[in-house]
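*Asks:* Encoded as structure tokens, here's the structure I'll be asking about.
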Amino acid sequence: MEYSEAELMAVLLSREVRDGEISACGALSQLPAAGLLLAKALHAPNAQILILRSAFDPFRTSRQFHFLAQRGEMGLFFISGVQIDRHGNYNLHQVGSDLERPKMRFPGGYGGAMIYYAARRTVVFRTEHTSRTLVERVDYVSAAGVTPSDVLRLGGPSRVVTPKATFRFEQETGVLKLATIHPPWTIDDVRANTGFALDVSGEIPATSPPSEEELHVLRHVVRRTMIDTGTYAAWAEQALGVQ
């Protein structure tokens, strides 16, 4: 079956959602928004999904959203980063290690760093898989994947999803491990486009592709829902179901 990169990533993110949990994404998060709606329609009908600043946001202020995470009620959160390193740190602030004169500056996380510590699980996604985005060490730690034992932390990184592969976060060693590779990419493709050592031992399985049901619901039900509710409507119209 043919599907776009956006459709693949939306499906993979949806598979992370568990029934009965509170799962959420922040603003400007089209892919996880589609994934959340897909999960709700297919395998997690009892999940409570929160898409900040959309029709699926029950809160009057973002502060209430953050308070929910601080209370330990958020089961899953989706977040992205300009850079992600092998230790699960992500960077949303700047490119370049000089704090006074960075090569490029970004708006930062707006509460994302706190949620990275408070949500029970966090899935980090990135729409570009290159050695400049998956790096050995981020230029700026917007939120840390591993913290000292005396730091209060309810959860942390669980998985990283890119257009080429998925990584799982190994708690024991505090590093990302290659989990699956999306066909038609190969281990050599992933290695050439990743800025840290993969430490691969054994064969890495292929990612399970989107099923016919997942694609049908994504293209017809989720796309229509996003357009009708104004939830990234323009993006959904262009990115989902358009071959």
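We label chains A, B, ... in the order they appear in the structure tokens, count residues from 1 in each chain, and number ligands from 1 in the order shown.
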Show which residues sit within 7 Å of region 120-130 of chain A, as a list of chain:residue names. Count only C-alpha atoms, and ignore same-chain residues fewer than 5 positions away.
*Replies:*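 In the requested form, the answer reads A:Met74, A:Gly75, A:Leu76, A:Phe77, A:Phe78, A:Ile79, A:Ser80, A:Gly81, A:Leu154, A:Gly155, A:Gly156, A:Pro157, A:Ser158, A:Arg159, A:Val160, A:Val161, A:Thr162, A:Pro163, A:Lys164, A:Asn193, A:Thr194.
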*Asks:* Grab the residues selected above and save them as a compact mmCIF listing (two decimals), in the first residue's frame with all heavy atoms.
*Replies:*
```
# COMPACT_ATOMS: atom_id res chain seq x y z
N MET A 74 -1.09 12.90 33.42
CA MET A 74 -0.86 12.77 31.99
C MET A 74 -0.08 11.49 31.71
O MET A 74 1.07 11.34 32.14
CB MET A 74 -0.11 14.00 31.44
CG MET A 74 -0.04 14.05 29.93
SD MET A 74 0.75 15.58 29.33
CE MET A 74 -0.49 16.80 29.81
N GLY A 75 -0.70 10.58 30.99
CA GLY A 75 -0.06 9.31 30.70
C GLY A 75 0.96 9.40 29.58
O GLY A 75 2.01 8.76 29.63
N LEU A 76 0.64 10.19 28.55
CA LEU A 76 1.50 10.27 27.36
C LEU A 76 1.50 11.69 26.82
O LEU A 76 0.45 12.34 26.74
CB LEU A 76 0.98 9.31 26.29
CG LEU A 76 1.66 9.37 24.92
CD1 LEU A 76 3.12 8.95 25.01
CD2 LEU A 76 0.92 8.51 23.90
N PHE A 77 2.69 12.14 26.47
CA PHE A 77 2.83 13.46 25.85
C PHE A 77 3.71 13.33 24.62
O PHE A 77 4.69 12.59 24.62
CB PHE A 77 3.46 14.45 26.85
CG PHE A 77 3.50 15.87 26.35
CD1 PHE A 77 2.34 16.56 26.08
CD2 PHE A 77 4.72 16.52 26.17
CE1 PHE A 77 2.37 17.88 25.63
CE2 PHE A 77 4.76 17.83 25.72
CZ PHE A 77 3.58 18.52 25.45
N PHE A 78 3.36 14.06 23.57
CA PHE A 78 4.15 14.11 22.35
C PHE A 78 4.86 15.45 22.25
O PHE A 78 4.24 16.49 22.47
CB PHE A 78 3.26 13.93 21.11
CG PHE A 78 2.64 12.57 20.99
CD1 PHE A 78 1.29 12.38 21.29
CD2 PHE A 78 3.38 11.49 20.55
CE1 PHE A 78 0.70 11.13 21.14
CE2 PHE A 78 2.80 10.23 20.41
CZ PHE A 78 1.46 10.06 20.72
N ILE A 79 6.15 15.41 21.91
CA ILE A 79 6.89 16.65 21.78
C ILE A 79 7.94 16.49 20.68
O ILE A 79 8.33 15.37 20.34
CB ILE A 79 7.57 17.04 23.12
CG1 ILE A 79 7.94 18.52 23.13
CG2 ILE A 79 8.79 16.17 23.41
CD1 ILE A 79 8.22 19.07 24.51
N SER A 80 8.36 17.60 20.11
CA SER A 80 9.40 17.56 19.09
C SER A 80 10.57 18.42 19.53
O SER A 80 10.52 19.09 20.57
CB SER A 80 8.85 18.07 17.75
OG SER A 80 9.81 17.88 16.71
N GLY A 81 11.64 18.39 18.75
CA GLY A 81 12.82 19.17 19.09
C GLY A 81 13.63 19.46 17.85
O GLY A 81 13.60 18.70 16.87
N LEU A 154 8.36 12.06 37.35
CA LEU A 154 7.34 11.03 37.28
C LEU A 154 7.53 10.11 36.07
O LEU A 154 7.08 8.97 36.09
CB LEU A 154 5.96 11.68 37.21
CG LEU A 154 5.59 12.59 38.40
CD1 LEU A 154 4.23 13.23 38.18
CD2 LEU A 154 5.62 11.81 39.70
N GLY A 155 8.15 10.62 35.03
CA GLY A 155 8.33 9.83 33.82
C GLY A 155 9.45 10.40 32.98
O GLY A 155 10.30 11.15 33.48
N GLY A 156 9.46 10.06 31.72
CA GLY A 156 10.53 10.53 30.84
C GLY A 156 10.35 10.01 29.44
O GLY A 156 9.28 9.53 29.07
N PRO A 157 11.41 10.09 28.64
CA PRO A 157 11.31 9.66 27.24
C PRO A 157 11.04 8.17 27.14
O PRO A 157 11.55 7.37 27.92
CB PRO A 157 12.68 10.03 26.67
CG PRO A 157 13.60 10.07 27.85
CD PRO A 157 12.76 10.56 28.99
N SER A 158 10.21 7.83 26.18
CA SER A 158 9.87 6.44 25.94
C SER A 158 10.34 5.99 24.56
O SER A 158 10.92 4.92 24.41
CB SER A 158 8.35 6.25 26.04
OG SER A 158 7.95 4.98 25.59
N ARG A 159 10.12 6.85 23.58
CA ARG A 159 10.42 6.48 22.19
C ARG A 159 10.69 7.75 21.38
O ARG A 159 10.18 8.83 21.69
CB ARG A 159 9.23 5.71 21.60
CG ARG A 159 9.51 4.98 20.31
CD ARG A 159 8.36 4.06 19.96
NE ARG A 159 8.25 2.94 20.90
CZ ARG A 159 8.85 1.77 20.72
NH1 ARG A 159 9.60 1.54 19.65
NH2 ARG A 159 8.69 0.80 21.61
N VAL A 160 11.48 7.59 20.32
CA VAL A 160 11.70 8.65 19.34
C VAL A 160 11.25 8.10 17.99
O VAL A 160 11.61 6.99 17.61
CB VAL A 160 13.18 9.08 19.28
CG1 VAL A 160 13.41 10.02 18.10
CG2 VAL A 160 13.59 9.75 20.58
N VAL A 161 10.44 8.89 17.29
CA VAL A 161 9.90 8.48 15.99
C VAL A 161 10.34 9.47 14.94
O VAL A 161 10.16 10.69 15.10
CB VAL A 161 8.36 8.39 16.02
CG1 VAL A 161 7.81 8.00 14.65
CG2 VAL A 161 7.89 7.41 17.07
N THR A 162 10.93 8.97 13.85
CA THR A 162 11.38 9.81 12.73
C THR A 162 10.84 9.23 11.43
O THR A 162 10.23 8.16 11.43
CB THR A 162 12.92 9.87 12.67
OG1 THR A 162 13.41 8.66 12.05
CG2 THR A 162 13.55 10.03 14.04
N PRO A 163 11.09 9.89 10.30
CA PRO A 163 10.62 9.33 9.03
C PRO A 163 11.38 8.07 8.59
O PRO A 163 10.97 7.41 7.65
CB PRO A 163 10.87 10.47 8.03
CG PRO A 163 10.96 11.70 8.85
CD PRO A 163 11.58 11.27 10.13
N LYS A 164 12.50 7.76 9.24
CA LYS A 164 13.29 6.60 8.85
C LYS A 164 13.25 5.44 9.85
O LYS A 164 13.45 4.29 9.46
CB LYS A 164 14.76 7.00 8.63
CG LYS A 164 15.00 7.87 7.41
CD LYS A 164 16.48 8.18 7.24
CE LYS A 164 16.75 8.90 5.92
NZ LYS A 164 16.13 10.22 5.85
N ASN A 193 22.64 8.73 8.49
CA ASN A 193 21.88 9.95 8.78
C ASN A 193 21.68 10.20 10.27
O ASN A 193 20.86 11.04 10.65
CB ASN A 193 20.52 9.89 8.09
CG ASN A 193 20.63 10.08 6.59
OD1 ASN A 193 20.73 11.20 6.11
ND2 ASN A 193 20.65 8.98 5.85
N THR A 194 22.41 9.46 11.11
CA THR A 194 22.31 9.63 12.56
C THR A 194 23.66 10.08 13.10
O THR A 194 24.68 9.49 12.77
CB THR A 194 21.89 8.31 13.24
OG1 THR A 194 20.65 7.86 12.65
CG2 THR A 194 21.68 8.51 14.73
```
*Asks:* Near Leu99 (chain A), within 10 Å and counting only C-alpha atoms, which residues show up once chain neighbours fewer than 5 positions away are dropped, as a list in words?
*Replies:*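 After dropping sequence-adjacent residues, the list is His93, Gln94, Arg105, Asp139 and Tyr140 of chain A.
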*Asks:* DSSP says strand (DSSP E or B) for which residues of region 64-191 of chain A? Put them as a ChimeraX atom specification?
*Replies:* /A:76-80,83-85,90-91,94-95,104-105,121-125,134-135,143,156-161,165-170,175-181
*Asks:* One decimal, in Å: what's the spacing between CA of Met104 (chain A) and CA of Val141 (chain A)?
*Replies:*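 Distance reported for this atom pair: 14.8 Å.
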*Asks:* Set the distance at 12 Å and use only C-alpha atoms: which residues neighbour region 216-221 of chain A once local chain neighbours fewer than 4 positions away are removed? I'd like the list as a PyMOL selection string.
*Replies:* chain A and resi 1-4+6-12+14+31+33-43+210-212+225-228+236-243
*Asks:* Select, from A:Ala113, A:Leu50, A:Ala69, A:Ala192, the residue with the minimum atom-to-atom distance to Asn89 (chain A), counting only C-alpha atoms.
*Replies:*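 So, comparing all the options, the nearest one is A:Ala113.
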*Asks:* To one decimal place, how far is CA of Ala119 (chain A) from CA of Glu73 (chain A) in Å?
*Replies:*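 Rounded to one decimal, the two atoms are 7.4 Å apart.
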*Asks:* Please measure the separation of CA of Val138 (chain A) and CA of Val17 (chain A), giving the value in Å to one decimal.
*Replies:*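 Rounded to one decimal, the two atoms are 27.4 Å apart.
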*Asks:* Name the closest residue to Gly112 (chain A) among the candidates A:Val190, A:Pro183, A:Gln83, A:Gly26; distances are taken between atoms, counting only C-alpha atoms.
*Replies:*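 Result for the nearest residue to Gly112 (chain A): A:Gly26.
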*Asks:* Could you check which of A:Thr166, A:Ser54, A:Gln30, A:Ser149 is closest to Trp185 (chain A), using only C-alpha atoms?
*Replies:*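 Closest candidate: A:Thr166.
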*Asks:* Could you give me, as a VMD selection string, each residue of region 153-229 of chain A that DSSP assigns to alpha helix (DSSP H) when run on this structure's backbone?
*Replies:* chain A and resid 187 to 192 212 to 216 223 to 229
*Asks:* Filtering to all heavy atoms, could you give me those residues as a compact mmCIF listing (two decimals), in the first residue's frame?
*Replies:*
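Saved the output as result05.txt:
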```
# COMPACT_ATOMS: atom_id res chain seq x y z
N ILE A 187 19.59 -0.25 7.46
CA ILE A 187 20.45 0.10 8.58
C ILE A 187 21.56 1.05 8.13
O ILE A 187 21.94 1.96 8.87
CB ILE A 187 21.05 -1.16 9.24
CG1 ILE A 187 21.90 -0.80 10.44
CG2 ILE A 187 21.82 -1.98 8.25
CD1 ILE A 187 21.17 -0.15 11.59
N ASP A 188 22.05 0.88 6.92
CA ASP A 188 23.09 1.79 6.42
C ASP A 188 22.55 3.20 6.22
O ASP A 188 23.24 4.18 6.50
CB ASP A 188 23.67 1.26 5.09
CG ASP A 188 24.49 -0.01 5.28
OD1 ASP A 188 25.02 -0.20 6.40
OD2 ASP A 188 24.60 -0.79 4.33
N ASP A 189 21.31 3.31 5.75
CA ASP A 189 20.68 4.63 5.59
C ASP A 189 20.54 5.31 6.95
O ASP A 189 20.84 6.50 7.10
CB ASP A 189 19.29 4.49 4.97
CG ASP A 189 19.33 3.97 3.55
OD1 ASP A 189 20.26 4.33 2.80
OD2 ASP A 189 18.42 3.18 3.20
N VAL A 190 20.06 4.56 7.93
CA VAL A 190 19.85 5.14 9.26
C VAL A 190 21.19 5.54 9.88
O VAL A 190 21.33 6.62 10.45
CB VAL A 190 19.09 4.15 10.17
CG1 VAL A 190 18.98 4.71 11.58
CG2 VAL A 190 17.72 3.86 9.60
N ARG A 191 22.18 4.67 9.76
CA ARG A 191 23.50 4.97 10.33
C ARG A 191 24.11 6.22 9.68
O ARG A 191 24.68 7.07 10.37
CB ARG A 191 24.42 3.77 10.15
CG ARG A 191 25.79 3.96 10.78
CD ARG A 191 26.65 2.73 10.64
NE ARG A 191 26.28 1.69 11.60
CZ ARG A 191 25.76 0.52 11.28
NH1 ARG A 191 25.53 0.21 10.01
NH2 ARG A 191 25.46 -0.37 12.22
N ALA A 192 23.97 6.35 8.37
CA ALA A 192 24.55 7.49 7.66
C ALA A 192 23.87 8.81 8.01
O ALA A 192 24.47 9.88 7.84
CB ALA A 192 24.47 7.25 6.15
N GLU A 212 -4.43 -1.35 6.27
CA GLU A 212 -5.48 -0.79 5.41
C GLU A 212 -6.51 -0.05 6.26
O GLU A 212 -6.99 1.03 5.88
CB GLU A 212 -6.15 -1.92 4.62
CG GLU A 212 -7.20 -1.44 3.64
CD GLU A 212 -7.77 -2.57 2.81
OE1 GLU A 212 -7.21 -3.68 2.85
OE2 GLU A 212 -8.78 -2.34 2.11
N GLU A 213 -6.83 -0.61 7.42
CA GLU A 213 -7.81 0.04 8.31
C GLU A 213 -7.26 1.35 8.85
O GLU A 213 -7.98 2.37 8.88
CB GLU A 213 -8.18 -0.90 9.46
CG GLU A 213 -9.23 -0.31 10.39
CD GLU A 213 -9.56 -1.22 11.55
OE1 GLU A 213 -8.68 -2.00 11.97
OE2 GLU A 213 -10.69 -1.13 12.08
N GLU A 214 -6.02 1.36 9.30
CA GLU A 214 -5.42 2.59 9.83
C GLU A 214 -5.42 3.69 8.78
O GLU A 214 -5.77 4.84 9.09
CB GLU A 214 -4.00 2.31 10.32
CG GLU A 214 -3.94 1.52 11.62
CD GLU A 214 -2.53 1.08 11.97
OE1 GLU A 214 -1.74 0.75 11.04
OE2 GLU A 214 -2.21 1.05 13.17
N LEU A 215 -5.04 3.36 7.56
CA LEU A 215 -5.01 4.38 6.51
C LEU A 215 -6.41 4.85 6.14
O LEU A 215 -6.62 6.05 5.91
CB LEU A 215 -4.29 3.83 5.28
CG LEU A 215 -2.77 3.70 5.38
CD1 LEU A 215 -2.21 3.09 4.11
CD2 LEU A 215 -2.12 5.06 5.64
N HIS A 216 -7.35 3.93 6.09
CA HIS A 216 -8.72 4.32 5.74
C HIS A 216 -9.28 5.30 6.79
O HIS A 216 -9.84 6.35 6.42
CB HIS A 216 -9.61 3.09 5.65
CG HIS A 216 -11.05 3.43 5.34
ND1 HIS A 216 -11.50 3.72 4.08
CD2 HIS A 216 -12.13 3.56 6.17
CE1 HIS A 216 -12.79 4.01 4.12
NE2 HIS A 216 -13.19 3.91 5.39
N ARG A 223 -9.14 12.88 8.91
CA ARG A 223 -9.03 14.05 8.03
C ARG A 223 -10.30 14.89 8.10
O ARG A 223 -10.24 16.12 8.24
CB ARG A 223 -8.77 13.60 6.60
CG ARG A 223 -8.57 14.74 5.59
CD ARG A 223 -8.23 14.14 4.22
NE ARG A 223 -7.91 15.17 3.26
CZ ARG A 223 -8.80 15.74 2.44
NH1 ARG A 223 -10.08 15.37 2.51
NH2 ARG A 223 -8.43 16.68 1.59
N ARG A 224 -11.46 14.26 8.02
CA ARG A 224 -12.72 14.99 8.06
C ARG A 224 -12.92 15.67 9.41
O ARG A 224 -13.37 16.83 9.48
CB ARG A 224 -13.88 14.01 7.80
CG ARG A 224 -15.24 14.64 7.65
CD ARG A 224 -15.37 15.32 6.30
NE ARG A 224 -15.17 16.76 6.39
CZ ARG A 224 -14.85 17.52 5.34
NH1 ARG A 224 -14.67 16.99 4.14
NH2 ARG A 224 -14.70 18.81 5.49
N THR A 225 -12.57 14.97 10.48
CA THR A 225 -12.70 15.54 11.83
C THR A 225 -11.82 16.77 12.00
O THR A 225 -12.25 17.79 12.54
CB THR A 225 -12.34 14.49 12.90
OG1 THR A 225 -13.23 13.38 12.81
CG2 THR A 225 -12.41 15.08 14.30
N MET A 226 -10.59 16.69 11.52
CA MET A 226 -9.66 17.82 11.65
C MET A 226 -10.14 19.01 10.84
O MET A 226 -10.05 20.17 11.29
CB MET A 226 -8.26 17.40 11.23
CG MET A 226 -7.64 16.34 12.14
SD MET A 226 -5.96 15.84 11.70
CE MET A 226 -5.01 17.21 12.38
N ILE A 227 -10.67 18.76 9.66
CA ILE A 227 -11.18 19.86 8.83
C ILE A 227 -12.42 20.48 9.46
O ILE A 227 -12.54 21.70 9.59
CB ILE A 227 -11.47 19.35 7.40
CG1 ILE A 227 -10.17 18.96 6.70
CG2 ILE A 227 -12.22 20.41 6.60
CD1 ILE A 227 -10.37 18.26 5.38
N ASP A 228 -13.36 19.64 9.90
CA ASP A 228 -14.63 20.14 10.44
C ASP A 228 -14.45 20.90 11.75
O ASP A 228 -15.22 21.82 12.05
CB ASP A 228 -15.61 18.98 10.65
CG ASP A 228 -16.11 18.41 9.32
OD1 ASP A 228 -15.90 19.05 8.27
OD2 ASP A 228 -16.70 17.30 9.35
N THR A 229 -13.47 20.49 12.55
CA THR A 229 -13.26 21.14 13.86
C THR A 229 -12.21 22.26 13.81
O THR A 229 -11.94 22.88 14.82
CB THR A 229 -12.82 20.11 14.91
OG1 THR A 229 -11.58 19.50 14.50
CG2 THR A 229 -13.88 19.04 15.11
```
*Asks:* May I have the residues within 12 Å of Gly111 (chain A) as number ranges by chain, using only C-alpha atoms and disregarding those fewer than 5 positions away in the same chain?
*Replies:* A: 25-27, 62-67, 69-70, 77, 79, 92, 116-119, 142-143
*Asks:* Near region 133-135 of chain A, within 7 Å and counting only C-alpha atoms, which residues show up once chain neighbours fewer than 6 positions away are dropped, as a list in words?
*Replies:*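 Returned residues: Val82, Gln83, Ile84, Asp85, Arg86, Thr194, Gly195 and Phe196 of chain A.
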